[in-house]
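Q: Structure file input_18.txt (compact mmCIF, C-alpha atoms) is given on the next line.
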```txt
# COMPACT_ATOMS: atom_id res chain seq x y z
CA MET A 1 -24.22 -13.16 -108.52
CA GLY A 2 -21.10 -15.31 -108.72
CA LEU A 3 -20.79 -18.68 -106.98
CA LEU A 4 -18.51 -17.38 -104.23
CA ALA A 5 -20.77 -14.38 -103.56
CA TYR A 6 -23.73 -16.78 -103.37
CA LEU A 7 -21.94 -19.09 -100.93
CA LYS A 8 -21.14 -16.15 -98.65
CA THR A 9 -24.87 -15.63 -98.07
CA GLN A 10 -25.69 -19.25 -97.21
CA PHE A 11 -26.49 -20.23 -93.62
CA VAL A 12 -24.92 -23.69 -94.04
CA VAL A 13 -21.59 -22.11 -95.02
CA HIS A 14 -21.77 -19.77 -92.00
CA LEU A 15 -22.45 -22.77 -89.81
CA LEU A 16 -19.40 -24.61 -91.17
CA ILE A 17 -17.20 -21.56 -90.55
CA GLY A 18 -18.59 -21.35 -87.04
CA PHE A 19 -17.97 -25.07 -86.51
CA VAL A 20 -14.31 -24.70 -87.50
CA PHE A 21 -13.86 -21.67 -85.24
CA VAL A 22 -15.56 -23.23 -82.20
CA VAL A 23 -13.99 -26.69 -82.39
CA SER A 24 -10.52 -25.37 -83.19
CA GLY A 25 -10.97 -22.89 -80.33
CA LEU A 26 -11.80 -25.67 -77.87
CA ILE A 27 -8.75 -27.63 -79.04
CA ILE A 28 -6.60 -24.52 -78.63
CA ASN A 29 -8.03 -23.82 -75.16
CA PHE A 30 -7.30 -27.39 -74.08
CA THR A 31 -3.75 -27.07 -75.40
CA GLN A 32 -3.38 -23.78 -73.51
CA LEU A 33 -4.51 -25.53 -70.34
CA CYS A 34 -1.79 -28.11 -70.84
CA THR A 35 0.85 -25.41 -71.27
CA LEU A 36 0.27 -24.24 -67.68
CA ALA A 37 2.74 -26.93 -66.69
CA LEU A 38 5.44 -24.86 -68.44
CA TRP A 39 4.89 -21.74 -66.32
CA PRO A 40 7.08 -22.76 -63.33
CA ILE A 41 9.73 -24.12 -65.72
CA SER A 42 9.94 -21.30 -68.28
CA LYS A 43 7.53 -18.38 -68.18
CA HIS A 44 8.91 -17.04 -71.47
CA LEU A 45 8.37 -20.35 -73.26
CA TYR A 46 4.80 -20.54 -71.92
CA ARG A 47 4.12 -17.04 -73.23
CA ARG A 48 5.62 -17.62 -76.66
CA ILE A 49 3.62 -20.83 -77.16
CA ASN A 50 0.39 -19.16 -76.07
CA CYS A 51 0.99 -16.22 -78.40
CA ARG A 52 1.05 -18.65 -81.30
CA LEU A 53 -1.96 -20.59 -80.07
CA ALA A 54 -3.93 -17.36 -79.73
CA TYR A 55 -2.82 -16.33 -83.21
CA SER A 56 -4.24 -19.58 -84.61
CA LEU A 57 -7.67 -18.66 -83.18
CA TRP A 58 -7.82 -14.87 -83.66
CA SER A 59 -6.45 -15.07 -87.20
CA GLN A 60 -9.61 -16.95 -88.23
CA LEU A 61 -11.63 -13.81 -87.47
CA VAL A 62 -9.06 -11.66 -89.24
CA MET A 63 -9.34 -14.01 -92.22
CA LEU A 64 -13.07 -13.24 -92.42
CA LEU A 65 -12.32 -9.53 -92.59
CA GLU A 66 -9.39 -9.71 -95.01
CA TRP A 67 -10.16 -12.66 -97.30
CA TRP A 68 -13.88 -13.43 -96.89
CA SER A 69 -15.32 -9.90 -96.96
CA CYS A 70 -12.20 -8.38 -98.58
CA THR A 71 -12.55 -5.31 -96.35
CA GLU A 72 -9.82 -2.77 -97.02
CA CYS A 73 -7.98 -0.95 -94.23
CA THR A 74 -6.11 2.28 -94.95
CA LEU A 75 -3.76 3.98 -92.51
CA PHE A 76 -3.37 7.75 -92.41
CA THR A 77 -0.05 8.50 -90.73
CA ASP A 78 3.61 9.15 -91.62
CA GLN A 79 6.48 6.90 -92.65
CA ALA A 80 8.36 7.43 -89.39
CA THR A 81 5.39 6.06 -87.43
CA VAL A 82 4.94 3.09 -89.76
CA ASP A 83 8.64 2.23 -89.33
CA HIS A 84 7.99 1.63 -85.60
CA PHE A 85 5.07 -0.77 -86.11
CA GLY A 86 5.73 -4.25 -84.73
CA LYS A 87 9.08 -3.21 -83.25
CA GLU A 88 8.08 -1.87 -79.83
CA HIS A 89 5.70 -2.32 -76.91
CA VAL A 90 2.87 0.23 -77.17
CA VAL A 91 -0.45 1.26 -75.68
CA VAL A 92 -3.14 1.71 -78.36
CA ILE A 93 -6.04 4.11 -77.75
CA LEU A 94 -8.96 3.37 -80.09
CA ASN A 95 -12.41 4.94 -80.37
CA HIS A 96 -15.22 2.52 -79.54
CA ASN A 97 -17.98 3.37 -82.04
CA PHE A 98 -18.32 0.25 -84.18
CA GLU A 99 -19.10 -3.43 -83.74
CA ILE A 100 -15.94 -4.48 -85.59
CA ASP A 101 -13.52 -1.81 -84.34
CA PHE A 102 -11.60 -4.55 -82.49
CA LEU A 103 -11.36 -6.57 -85.72
CA CYS A 104 -9.88 -3.64 -87.63
CA GLY A 105 -7.34 -3.29 -84.85
CA TRP A 106 -6.55 -7.01 -85.05
CA THR A 107 -5.97 -6.91 -88.79
CA MET A 108 -3.34 -4.20 -88.27
CA CYS A 109 -1.81 -6.28 -85.48
CA GLU A 110 -1.66 -9.25 -87.86
CA ARG A 111 -0.06 -7.32 -90.70
CA PHE A 112 2.70 -6.09 -88.37
CA GLY A 113 3.24 -9.40 -86.58
CA VAL A 114 1.78 -8.73 -83.12
CA LEU A 115 -1.67 -10.37 -83.30
CA GLY A 116 -0.86 -13.26 -80.98
CA SER A 117 0.69 -11.00 -78.36
CA SER A 118 -1.94 -8.24 -78.53
CA LYS A 119 -3.50 -7.31 -75.18
CA VAL A 120 -6.53 -5.40 -73.97
CA LEU A 121 -8.00 -4.05 -70.76
CA ALA A 122 -11.24 -6.05 -70.90
CA LYS A 123 -14.44 -6.13 -68.90
CA ARG A 124 -14.54 -9.09 -66.53
CA GLU A 125 -17.79 -10.44 -68.00
CA LEU A 126 -15.84 -11.52 -71.11
CA LEU A 127 -13.80 -13.95 -69.01
CA CYS A 128 -16.88 -16.19 -68.91
CA VAL A 129 -17.40 -16.13 -72.70
CA PRO A 130 -16.26 -19.48 -74.18
CA LEU A 131 -13.21 -19.34 -76.45
CA ILE A 132 -12.76 -15.55 -76.20
CA GLY A 133 -12.49 -15.21 -72.43
CA TRP A 134 -10.74 -18.54 -71.98
CA THR A 135 -8.07 -17.71 -74.56
CA TRP A 136 -7.55 -14.29 -73.00
CA TYR A 137 -7.10 -15.85 -69.57
CA PHE A 138 -4.10 -17.86 -70.76
CA LEU A 139 -2.74 -14.75 -72.52
CA GLU A 140 -2.67 -12.86 -69.19
CA ILE A 141 -5.22 -10.31 -70.35
CA VAL A 142 -6.04 -7.73 -67.67
CA PHE A 143 -9.73 -7.96 -66.68
CA CYS A 144 -11.66 -5.36 -64.69
CA LYS A 145 -15.14 -4.89 -63.24
CA ARG A 146 -15.05 -1.19 -64.23
CA LYS A 147 -15.38 -0.21 -60.56
CA TRP A 148 -12.09 1.45 -59.75
CA GLU A 149 -12.23 0.80 -56.00
CA GLU A 150 -12.44 -2.94 -56.69
CA ASP A 151 -10.23 -2.95 -59.80
CA ARG A 152 -7.24 -0.93 -58.67
CA ASP A 153 -5.10 -3.69 -57.15
CA THR A 154 -6.07 -6.25 -59.80
CA VAL A 155 -5.27 -3.92 -62.68
CA ILE A 156 -1.95 -2.83 -61.18
CA GLU A 157 -0.90 -6.43 -60.61
CA GLY A 158 -1.92 -7.47 -64.14
CA LEU A 159 -0.10 -4.57 -65.77
CA ARG A 160 3.10 -5.07 -63.79
CA ARG A 161 3.09 -8.75 -64.70
CA LEU A 162 3.46 -7.72 -68.36
CA ALA A 163 6.64 -5.72 -67.73
CA ASP A 164 8.90 -8.56 -68.90
CA TYR A 165 6.71 -9.82 -71.77
CA PRO A 166 9.03 -11.46 -74.34
CA GLU A 167 7.07 -10.54 -77.51
CA TYR A 168 6.26 -7.06 -78.76
CA MET A 169 2.72 -6.31 -77.60
CA TRP A 170 0.08 -3.76 -78.52
CA PHE A 171 -2.02 -3.10 -75.40
CA LEU A 172 -5.47 -1.81 -76.39
CA LEU A 173 -7.35 0.69 -74.23
CA TYR A 174 -10.93 1.72 -74.91
CA CYS A 175 -10.71 4.82 -72.75
CA GLU A 176 -14.41 5.59 -73.23
CA GLY A 177 -15.13 2.42 -71.25
CA THR A 178 -18.05 1.30 -73.40
CA ARG A 179 -19.37 1.56 -76.96
CA PHE A 180 -20.79 4.84 -78.18
CA THR A 181 -24.59 5.16 -78.21
CA GLU A 182 -26.71 8.30 -78.36
CA THR A 183 -28.05 7.72 -74.84
CA LYS A 184 -24.60 7.15 -73.36
CA HIS A 185 -23.26 10.16 -75.24
CA ARG A 186 -25.96 12.45 -73.83
CA ILE A 187 -25.27 11.29 -70.30
CA SER A 188 -21.52 11.53 -70.81
CA MET A 189 -21.75 15.12 -72.02
CA GLU A 190 -23.85 16.03 -68.99
CA VAL A 191 -21.02 14.73 -66.84
CA ALA A 192 -18.49 16.68 -68.95
CA ALA A 193 -20.48 19.89 -68.46
CA SER A 194 -20.62 19.32 -64.70
CA LYS A 195 -16.82 18.99 -64.67
CA GLY A 196 -16.24 22.02 -66.85
CA LEU A 197 -14.83 19.95 -69.73
CA PRO A 198 -15.39 20.81 -73.42
CA PRO A 199 -18.16 18.75 -75.07
CA LEU A 200 -17.31 15.95 -77.50
CA LYS A 201 -19.42 15.30 -80.58
CA TYR A 202 -18.22 11.85 -81.67
CA HIS A 203 -16.85 10.32 -78.46
CA LEU A 204 -17.81 9.65 -74.88
CA LEU A 205 -15.91 11.36 -72.10
CA PRO A 206 -12.76 9.26 -71.57
CA ARG A 207 -12.32 7.44 -68.26
CA THR A 208 -8.86 8.46 -67.10
CA LYS A 209 -8.11 6.01 -64.28
CA GLY A 210 -7.23 3.02 -66.46
CA PHE A 211 -5.12 5.14 -68.79
CA THR A 212 -3.11 6.86 -66.08
CA MET A 213 -2.53 3.57 -64.28
CA ALA A 214 -1.42 1.84 -67.50
CA VAL A 215 1.04 4.65 -68.22
CA GLN A 216 2.44 4.48 -64.69
CA CYS A 217 2.74 0.69 -64.53
CA LEU A 218 4.10 0.17 -68.06
CA ARG A 219 6.53 3.09 -68.06
CA GLY A 220 9.92 1.59 -68.86
CA THR A 221 8.28 -1.22 -70.85
CA VAL A 222 6.05 0.62 -73.31
CA ALA A 223 7.81 2.92 -75.75
CA ALA A 224 4.87 4.92 -77.10
CA ILE A 225 1.15 5.61 -77.24
CA TYR A 226 -0.58 4.99 -80.57
CA ASP A 227 -3.71 7.08 -80.89
CA VAL A 228 -5.99 5.43 -83.49
CA THR A 229 -9.13 7.13 -84.79
CA LEU A 230 -11.30 4.80 -86.87
CA ASN A 231 -14.12 5.49 -89.32
CA PHE A 232 -15.69 3.87 -92.39
CA ARG A 233 -16.22 5.30 -95.85
CA GLY A 234 -19.73 5.93 -97.03
CA ASN A 235 -20.95 6.50 -93.48
CA LYS A 236 -21.21 2.71 -93.09
CA ASN A 237 -21.84 1.06 -89.73
CA PRO A 238 -20.42 -2.45 -90.26
CA SER A 239 -21.21 -5.53 -88.20
CA LEU A 240 -19.62 -8.92 -87.66
CA LEU A 241 -22.73 -10.48 -89.18
CA GLY A 242 -22.19 -8.33 -92.26
CA ILE A 243 -18.60 -9.55 -92.48
CA LEU A 244 -19.87 -13.13 -92.28
CA TYR A 245 -22.20 -12.41 -95.23
CA GLY A 246 -19.18 -11.19 -97.20
CA LYS A 247 -20.02 -7.48 -97.18
CA LYS A 248 -17.02 -5.36 -98.11
CA TYR A 249 -16.23 -2.26 -96.10
CA GLU A 250 -13.52 0.38 -96.35
CA ALA A 251 -11.95 1.27 -93.02
CA ASP A 252 -9.80 4.35 -92.51
CA MET A 253 -7.55 4.72 -89.46
CA CYS A 254 -5.66 7.85 -88.47
CA VAL A 255 -2.64 6.79 -86.40
CA ARG A 256 -0.55 9.19 -84.33
CA ARG A 257 2.48 8.13 -82.29
CA PHE A 258 3.34 9.80 -78.98
CA PRO A 259 6.59 8.73 -77.25
CA LEU A 260 5.80 7.72 -73.68
CA GLU A 261 8.34 10.17 -72.28
CA ASP A 262 6.11 12.96 -73.66
CA ILE A 263 3.19 11.79 -71.51
CA PRO A 264 3.07 13.45 -68.05
CA ALA A 265 4.06 11.15 -65.20
CA ASP A 266 1.67 12.45 -62.55
CA GLU A 267 -1.93 11.31 -62.60
CA THR A 268 -3.62 14.71 -62.84
CA SER A 269 -1.50 15.94 -65.76
CA ALA A 270 -1.84 12.59 -67.56
CA ALA A 271 -5.64 12.80 -67.21
CA GLN A 272 -5.59 16.32 -68.67
CA TRP A 273 -3.44 15.05 -71.54
CA LEU A 274 -6.01 12.32 -72.29
CA HIS A 275 -8.91 14.80 -72.31
CA LYS A 276 -6.97 16.98 -74.75
CA LEU A 277 -6.28 13.92 -76.90
CA TYR A 278 -10.00 13.17 -77.16
CA GLN A 279 -10.73 16.75 -78.17
CA GLU A 280 -8.21 16.24 -81.00
CA LYS A 281 -9.82 12.91 -81.91
CA ASP A 282 -13.17 14.67 -82.10
CA ALA A 283 -11.67 17.25 -84.48
CA LEU A 284 -10.29 14.43 -86.63
CA GLN A 285 -13.73 12.82 -86.84
CA GLU A 286 -15.26 16.17 -87.80
CA MET A 287 -12.68 16.54 -90.55
CA TYR A 288 -13.46 13.02 -91.78
CA LYS A 289 -17.17 13.77 -91.87
CA GLN A 290 -16.58 16.94 -93.88
CA LYS A 291 -13.84 15.76 -96.26
CA GLY A 292 -14.05 11.95 -96.20
CA VAL A 293 -10.36 11.56 -95.32
CA PHE A 294 -8.04 11.91 -92.36
CA PRO A 295 -4.86 14.02 -92.52
CA GLY A 296 -1.53 12.36 -93.35
CA GLU A 297 -0.05 10.03 -95.92
CA GLN A 298 -2.07 6.98 -96.92
CA PHE A 299 -0.64 3.49 -96.36
CA LYS A 300 -2.28 0.18 -97.26
CA PRO A 301 -0.28 -2.61 -95.60
CA ALA A 302 -0.58 -5.78 -97.66
CA ARG A 303 -2.61 -8.62 -96.20
CA ARG A 304 -0.53 -11.71 -95.47
CA PRO A 305 -1.48 -15.27 -96.51
CA TRP A 306 -1.04 -16.80 -93.04
CA THR A 307 -4.58 -16.12 -91.81
CA LEU A 308 -6.09 -17.84 -94.85
CA LEU A 309 -3.66 -20.77 -94.68
CA ASN A 310 -4.33 -21.21 -90.97
CA PHE A 311 -8.10 -21.37 -91.54
CA LEU A 312 -7.78 -23.76 -94.49
CA CYS A 313 -5.59 -26.02 -92.37
CA TRP A 314 -8.16 -26.15 -89.55
CA ALA A 315 -11.01 -26.60 -92.06
CA THR A 316 -9.24 -29.55 -93.69
CA ILE A 317 -8.60 -31.21 -90.34
CA LEU A 318 -12.09 -30.68 -88.90
CA LEU A 319 -14.52 -30.77 -91.84
CA SER A 320 -13.39 -34.07 -93.35
CA PRO A 321 -14.48 -36.15 -90.32
CA LEU A 322 -17.60 -33.98 -89.97
CA PHE A 323 -18.72 -34.74 -93.53
CA SER A 324 -18.04 -38.46 -93.00
CA PHE A 325 -20.09 -38.39 -89.80
CA VAL A 326 -23.02 -36.58 -91.47
CA LEU A 327 -23.07 -39.06 -94.35
CA GLY A 328 -23.05 -41.91 -91.85
CA VAL A 329 -25.99 -40.44 -89.92
CA PHE A 330 -28.20 -40.08 -93.00
CA ALA A 331 -27.04 -43.39 -94.48
CA SER A 332 -28.13 -45.15 -91.27
CA GLY A 333 -31.77 -44.23 -91.96
CA SER A 334 -32.40 -43.95 -88.21
CA PRO A 335 -34.98 -41.23 -87.47
CA LEU A 336 -33.62 -40.88 -83.94
CA LEU A 337 -30.04 -40.28 -85.09
CA ILE A 338 -31.18 -37.81 -87.75
CA LEU A 339 -33.33 -35.89 -85.25
CA MET A 340 -30.47 -35.81 -82.75
CA PHE A 341 -28.14 -34.50 -85.45
CA LEU A 342 -30.59 -31.79 -86.51
CA GLY A 343 -31.00 -30.82 -82.85
CA PHE A 344 -27.22 -30.52 -82.56
CA VAL A 345 -27.15 -28.30 -85.67
CA GLY A 346 -29.82 -26.06 -84.15
CA ALA A 347 -27.91 -25.79 -80.87
CA ALA A 348 -24.67 -25.07 -82.73
CA SER A 349 -26.28 -22.30 -84.80
CA PHE A 350 -27.68 -20.77 -81.62
CA GLY A 351 -24.24 -20.89 -79.98
CA VAL A 352 -22.52 -19.26 -82.95
CA ARG A 353 -25.17 -16.54 -83.04
CA ARG A 354 -24.62 -15.86 -79.32
CA LEU A 355 -20.88 -15.47 -79.89
CA ILE A 356 -21.56 -12.96 -82.67
CA GLY A 357 -23.99 -11.18 -80.35
CA VAL A 358 -21.14 -10.30 -77.99
CA THR A 359 -20.03 -7.66 -80.53
CA GLU A 360 -23.44 -6.10 -81.22
CA ILE A 361 -23.92 -2.54 -79.99
CA GLU A 362 -27.58 -2.95 -79.01
CA LYS A 363 -26.58 -5.89 -76.80
CA GLY A 364 -23.75 -3.99 -75.16
CA SER A 365 -23.39 -3.40 -71.45
CA SER A 366 -25.30 -0.77 -69.47
CA TYR A 367 -22.00 0.73 -68.39
CA GLY A 368 -22.20 4.45 -69.05
CA ASN A 369 -25.90 4.63 -68.13
CA GLN A 370 -25.17 4.64 -64.41
CA GLU A 371 -25.41 8.41 -64.09
CA LEU A 372 -28.89 8.27 -65.64
CA LYS A 373 -29.96 5.61 -63.16
CA LYS A 374 -28.72 7.74 -60.28
CA LYS A 375 -30.76 10.72 -61.52
CA GLU A 376 -33.88 8.60 -61.85
```
Go ahead and render the structure in this file as structure tokens.
A:
Amino acid sequence: MGLLAYLKTQFVVHLLIGFVFVVSGLIINFTQLCTLALWPISKHLYRRINCRLAYSLWSQLVMLLEWWSCTECTLFTDQATVDHFGKEHVVVILNHNFEIDFLCGWTMCERFGVLGSSKVLAKRELLCVPLIGWTWYFLEIVFCKRKWEEDRDTVIEGLRRLADYPEYMWFLLYCEGTRFTETKHRISMEVAASKGLPPLKYHLLPRTKGFTMAVQCLRGTVAAIYDVTLNFRGNKNPSLLGILYGKKYEADMCVRRFPLEDIPADETSAAQWLHKLYQEKDALQEMYKQKGVFPGEQFKPARRPWTLLNFLCWATILLSPLFSFVLGVFASGSPLLILMFLGFVGAASFGVRRLIGVTEIEKGSSYGNQELKKKE
């Protein structure tokens, strides 16, 4: 085992990476709070600054995927579709099967220059998560409780507010509403059968309300829908913790572009279109399972150095005073100071582990189990 490979497995190194991410995130959040003063003066300036602040935080996670674990991401699509990347507002539909599916999406956003302005329709619980939810709040992310009667007005208002967004944005929709699990899949297919819809093998039944509303509200702003179907070679099921330990994965993404004018305008037809799309996504996953590849040309966009440089900059700024402080604590010889420092380290490691836990499938929400609860 080489030195770098050894360091990637060490808890102390993970803790230092977590320290840089958390402290830089708090600094970024405070700076975002200060930028609120710009909103009544220049909404566009506020948005552009916050895109770059968000990039400085999210790119640290992308750095772990690209440079720390050296995970490779391959696109299966066509040249005409690639030529549009980073040059238009789009809605991205991504399957929600993996703990790091969002991170694979972010690395593509980074490579095509839209990471800072990327958006998502997110569950409201994430708003309370330090760093993640706070950064999203300043980015005007649309949050929902996943109860359409309560969400409708909030979602419509949030989507319409993005109509004049000054930077090209990729708006992510997890139409399944929650991560895939066997239990949720079984319940979802029972619902599909009751509605006379074809069964899906690799996906949950898509929730159509958010999609149809996004299409209606962003029509005239968004140019296309990108359907992205993600899987990993070797039947791997990667995790953020695995990325932190430097495990290398190979992600494959099949990307199809649908001009928005091809999507039906009325709600019923748009919902039918989405169901048909998920049947096609299921067929793509079946093909991948059988052949190990998606259809289309293969593209491997080059990783850019900015994520690594951004992290090294933050690490230089934050770790130098930290090391000086630690040396001072142990040089003092005070048992009380040393115990307090060790207690802080324990609390910090617990906090970092909790942040990682947000992505873990087994700790996901119970959304999607509601039908089972009703039956019981």
Q: Using all atoms listed in the file, find the one residue out of A:Leu244, A:Val255, A:Leu172, A:Val329 that sits nearest to Ile17 in chain A.
A: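 Among the listed residues, the smallest separation from Ile17 in chain A belongs to A:Leu244.
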Q: Do you know which residues are at most 7 Å from range 273-287 of chain A counting all atoms listed in the file, after dropping those on the same chain fewer than 6 positions away, and could you put them as a ChimeraX atom specification?
A: /A:200-203,206,229,294
Q: What separation in Å, quoted to one decimal, exists between CA of Glu72 in chain A and CA of Leu312 in chain A?
A: 21.2 Å
Q: How many Å separate CA of Ser24 in chain A from CA of Ser59 in chain A?
A: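 CA of Ser24 in chain A sits 11.8 Å away from CA of Ser59 in chain A.
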Q: Please return, as a list in words, all polymer residues that have at least one atom within 8 Å of the point (2.1, -8.6, -91.2); use all atoms listed in the file and the file's own coordinate frame.
A: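 Protein, DNA and RNA residues close to (2.1, -8.6, -91.2): Met108, Cys109, Glu110, Arg111, Phe112, Gly113, Pro301, Ala302, Arg303 and Arg304 of chain A.
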Q: Counting all atoms listed in the file, figure out which residue out of A:Asp83, A:Thr181, A:Ala163, A:Tyr55 gets nearest to Trp136 in chain A.
A: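 Among the listed residues, A:Tyr55 lies closest to Trp136 in chain A.
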Q: Choose the residue, out of A:Leu33, A:Leu103, A:Leu53, A:Ala224, that has the smallest atom-to-atom separation from Gly86 in chain A; count all atoms listed in the file.
A: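 Checking each of A:Leu33, A:Leu103, A:Leu53, A:Ala224 against Gly86 in chain A, counting all atoms listed in the file, the winner is A:Ala224.
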Q: Please list as JSON, numbers by chain every residue within 12 Å of Leu205 in chain A, counting only C-alpha atoms and excluding residues in the same chain fewer than 2 positions away.
A: {"A": [95, 96, 174, 175, 176, 177, 178, 179, 180, 184, 185, 186, 187, 188, 189, 190, 191, 192, 193, 194, 195, 196, 197, 198, 199, 200, 201, 202, 203, 207, 208, 271, 272, 274, 275, 276, 277, 278, 279, 281, 282, 368]}
Q: Tell me, in Å to one decimal, how far CA of Lys123 in chain A is from CA of Met169 in chain A.
A: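 Computing it gives 19.2 Å between the two atoms.
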Q: Mind listing whatever residues come within 8 Å of the point (-10.5, 4.2, -87.5)? Use only C-alpha atoms, file coordinates, and give them as a CSV table (one decimal) with C-alpha atoms, keeping the file's coordinate frame.
A:
```
chain,number,residue,atom,x,y,z
A,94,LEU,CA,-9.0,3.4,-80.1
A,95,ASN,CA,-12.4,4.9,-80.4
A,101,ASP,CA,-13.5,-1.8,-84.3
A,104,CYS,CA,-9.9,-3.6,-87.6
A,228,VAL,CA,-6.0,5.4,-83.5
A,229,THR,CA,-9.1,7.1,-84.8
A,230,LEU,CA,-11.3,4.8,-86.9
A,231,ASN,CA,-14.1,5.5,-89.3
A,232,PHE,CA,-15.7,3.9,-92.4
A,251,ALA,CA,-12.0,1.3,-93.0
A,252,ASP,CA,-9.8,4.4,-92.5
A,253,MET,CA,-7.6,4.7,-89.5
A,254,CYS,CA,-5.7,7.8,-88.5
```
Q: Since the input lacks some atoms of range 226-238 of chain A, please model N, CA, C and O atoms and print them as an mmCIF file, keeping the file's coordinate frame.
A:
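The new file part.cif reads:
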```
data_model
loop_
_atom_site.group_PDB
_atom_site.id
_atom_site.type_symbol
_atom_site.label_atom_id
_atom_site.label_comp_id
_atom_site.auth_asym_id
_atom_site.auth_seq_id
_atom_site.Cartn_x
_atom_site.Cartn_y
_atom_site.Cartn_z
ATOM 1 N N TYR A 226 -0.023 4.828 -79.228
ATOM 2 C CA TYR A 226 -0.580 4.990 -80.570
ATOM 3 C C TYR A 226 -2.031 5.425 -80.421
ATOM 4 O O TYR A 226 -2.861 4.671 -79.894
ATOM 5 N N ASP A 227 -2.326 6.627 -80.866
ATOM 6 C CA ASP A 227 -3.710 7.080 -80.890
ATOM 7 C C ASP A 227 -4.307 6.717 -82.243
ATOM 8 O O ASP A 227 -3.815 7.174 -83.284
ATOM 9 N N VAL A 228 -5.361 5.902 -82.246
ATOM 10 C CA VAL A 228 -5.990 5.430 -83.490
ATOM 11 C C VAL A 228 -7.430 5.920 -83.532
ATOM 12 O O VAL A 228 -8.212 5.642 -82.613
ATOM 13 N N THR A 229 -7.766 6.657 -84.581
ATOM 14 C CA THR A 229 -9.130 7.130 -84.790
ATOM 15 C C THR A 229 -9.678 6.434 -86.031
ATOM 16 O O THR A 229 -9.134 6.573 -87.124
ATOM 17 N N LEU A 230 -10.751 5.673 -85.827
ATOM 18 C CA LEU A 230 -11.300 4.800 -86.870
ATOM 19 C C LEU A 230 -12.625 5.325 -87.399
ATOM 20 O O LEU A 230 -13.474 5.790 -86.620
ATOM 21 N N ASN A 231 -12.819 5.230 -88.711
ATOM 22 C CA ASN A 231 -14.120 5.490 -89.320
ATOM 23 C C ASN A 231 -14.228 4.681 -90.602
ATOM 24 O O ASN A 231 -13.246 4.096 -91.058
ATOM 25 N N PHE A 232 -15.434 4.651 -91.184
ATOM 26 C CA PHE A 232 -15.690 3.870 -92.390
ATOM 27 C C PHE A 232 -16.234 4.750 -93.499
ATOM 28 O O PHE A 232 -17.072 5.632 -93.247
ATOM 29 N N ARG A 233 -15.774 4.506 -94.696
ATOM 30 C CA ARG A 233 -16.220 5.300 -95.850
ATOM 31 C C ARG A 233 -17.696 5.039 -96.144
ATOM 32 O O ARG A 233 -18.212 3.945 -95.892
ATOM 33 N N GLY A 234 -18.320 6.055 -96.682
ATOM 34 C CA GLY A 234 -19.730 5.930 -97.030
ATOM 35 C C GLY A 234 -20.652 5.957 -95.833
ATOM 36 O O GLY A 234 -21.810 5.525 -95.926
ATOM 37 N N ASN A 235 -20.140 6.439 -94.700
ATOM 38 C CA ASN A 235 -20.950 6.500 -93.480
ATOM 39 C C ASN A 235 -21.530 5.139 -93.100
ATOM 40 O O ASN A 235 -22.644 5.029 -92.575
ATOM 41 N N LYS A 236 -20.760 4.078 -93.388
ATOM 42 C CA LYS A 236 -21.210 2.710 -93.090
ATOM 43 C C LYS A 236 -21.060 2.412 -91.595
ATOM 44 O O LYS A 236 -20.199 2.965 -90.910
ATOM 45 N N ASN A 237 -21.915 1.524 -91.114
ATOM 46 C CA ASN A 237 -21.840 1.060 -89.730
ATOM 47 C C ASN A 237 -21.752 -0.469 -89.768
ATOM 48 O O ASN A 237 -22.747 -1.168 -89.610
ATOM 49 N N PRO A 238 -20.568 -1.016 -90.007
ATOM 50 C CA PRO A 238 -20.420 -2.450 -90.260
ATOM 51 C C PRO A 238 -20.666 -3.308 -89.025
ATOM 52 O O PRO A 238 -20.586 -2.843 -87.893
#
```
